[in-house]
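Engineer: Before anything else, here's the structure in question.
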Amino acid sequence: MLTRPEYIRKSLETNLFFLRIMKEHSFFLEAGFVCKDANLIQQAELFKNAFNALLTETVNLANGVITQESVASQEFVTNNTLPAEQITQNLSGVPIDLNLTQAELALAGNSANLNSPQLESAVYYLNQRAIALSAAIAQFKGVVLNAVLSCNLYTTLFPLLIDHIRREAILFNISLTRLQSGLNPDDPAMAAQLEAFWNRIMGEHSLFIRNLLDPTEEKLFATAQSFANQFKKLTAEAEAADSNKSAINAVTKRSLAAAKSVRDFNKQGTELILMCKIKSIIIPLLADHVTREANHFLKLLKHFEMKV
Ligand SMILES: [Fe+2]
Ligand SMILES: [Fe+2]
């Protein structure tokens, strides 16, 4: 069972990471629908605003509470998040709350009193609403995916991407539910399972990037393909490791090396996109988004490396 300080800290870190991820998924959906589907655009916008509001609340609760390590990991915001949002807002015409990003960039770690029952109950109430909202968006993504797969809906998002962001919403929901029962969502006992999940996610990011590049970007296409192959193998290895400790240790080490490389590739890609040096239809915020998910996976792997 998590102690009160652990529950507070882990909850706020989980929300800081995933609420922004969910807010951006809402944006990707909103920008991916065509004009005819004004109703879906509006629903995605409502999700975006609801996640934005919960994230604002989380940022207010989290200052000084979270670990220095999580701030430094750049899983919440990176140095590229703000410029990526600015350009994405200009290109899409969809408004993005840049003040919230500024507040996140100013977040500091390790100074507050974590033994406060008031803070604990504020966090409990926040988690309850995040559980409801993550379940609702997972359901919405499922409805959109089915409509696309039955050819009743057109969007610029690949079906695999819609399924991918649906799985991420479900993981967020499961993590919150565990927290509300006093359990660590990133328990090292779940290392094989979580590494299978995130290695698959990393591989799919490479596939999205591969398919969103201009056909003339042959070198980047090949690099993205080789990352996809590498992560496909790692996913299978993590699945096969099950509860075998030495197998998990080996997969953790290999995943760590691969995640570092793909993070660097994603980060460099974001910077080149921001400088308009890559030909693609990748929206800048998507490139920064996948970089943050790689940073999150790296933080998780470093914990597993120490504890498994
Ligand atoms: Fe995502
Ligand atoms: Fe993702």
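For the structure tokens, the naming scheme is as follows: chains receive sequential letters (A, B, ...) according to their order of presentation, residues are indexed from 1 within each chain, and ligands are indexed from 1 in presentation order.
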If we count only C-alpha atoms and set the cut-off at 9 Å, which residues sit around segment 22-39 of chain A, ignoring sequence neighbours fewer than 3 positions away in its own chain? Please answer as a VMD selection string.
Structural biologist: chain A and resid 18 to 19 42 to 52 55 92 to 94 96 134 137 141 153 to 157 162 165 168 to 169 283 285 to 286 289
Engineer: I'd like to know which residues of segment 14-250 of chain A are alpha helix (DSSP H) (by DSSP, run on the backbone); could you write them as a PyMOL selection string?
Structural biologist: chain A and resi 14-32+38-62+68-72+81-92+98-105+117-149+159-180+191-212+218-241+245-250
Engineer: For ligand 1, which residue among A:Val290, A:Leu145, A:Leu105, A:Ile170 is the nearest when counting only C-alpha atoms and all ligand atoms?
Structural biologist: A:Val290
Engineer: Could you give me the residues within 12 Å of ligand 2, counting only C-alpha atoms and all ligand atoms, as a VMD selection string?
Structural biologist: chain A and resid 18 21 to 22 24 to 25 28 160 to 169 171 197 to 209 266 286 to 297
Engineer: In Å to one decimal, how far is atom CA of Ser11 of chain A from atom CA of Lys253 of chain A?
Structural biologist: 26.7 Å
Engineer: One number please: atom CA of Cys151 of chain A to atom CA of Ile281 of chain A, in Å, one decimal.
Structural biologist: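 If I compute the distance from atom CA of Cys151 of chain A to atom CA of Ile281 of chain A, I get 22.5 Å.
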Engineer: Considering only C-alpha atoms and all ligand atoms, state which residue in the set A:Phe172, A:Ala135, A:Lys260, A:Leu114 is at the smallest distance from ligand 1.
Structural biologist: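 Looking at the shortest contact to ligand 1, the residue is A:Phe172.
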Engineer: Using only C-alpha atoms, which of A:Tyr125, A:Ala132, A:Ile174, A:His303 sits nearest Pro188 of chain A?
Structural biologist: A:His303
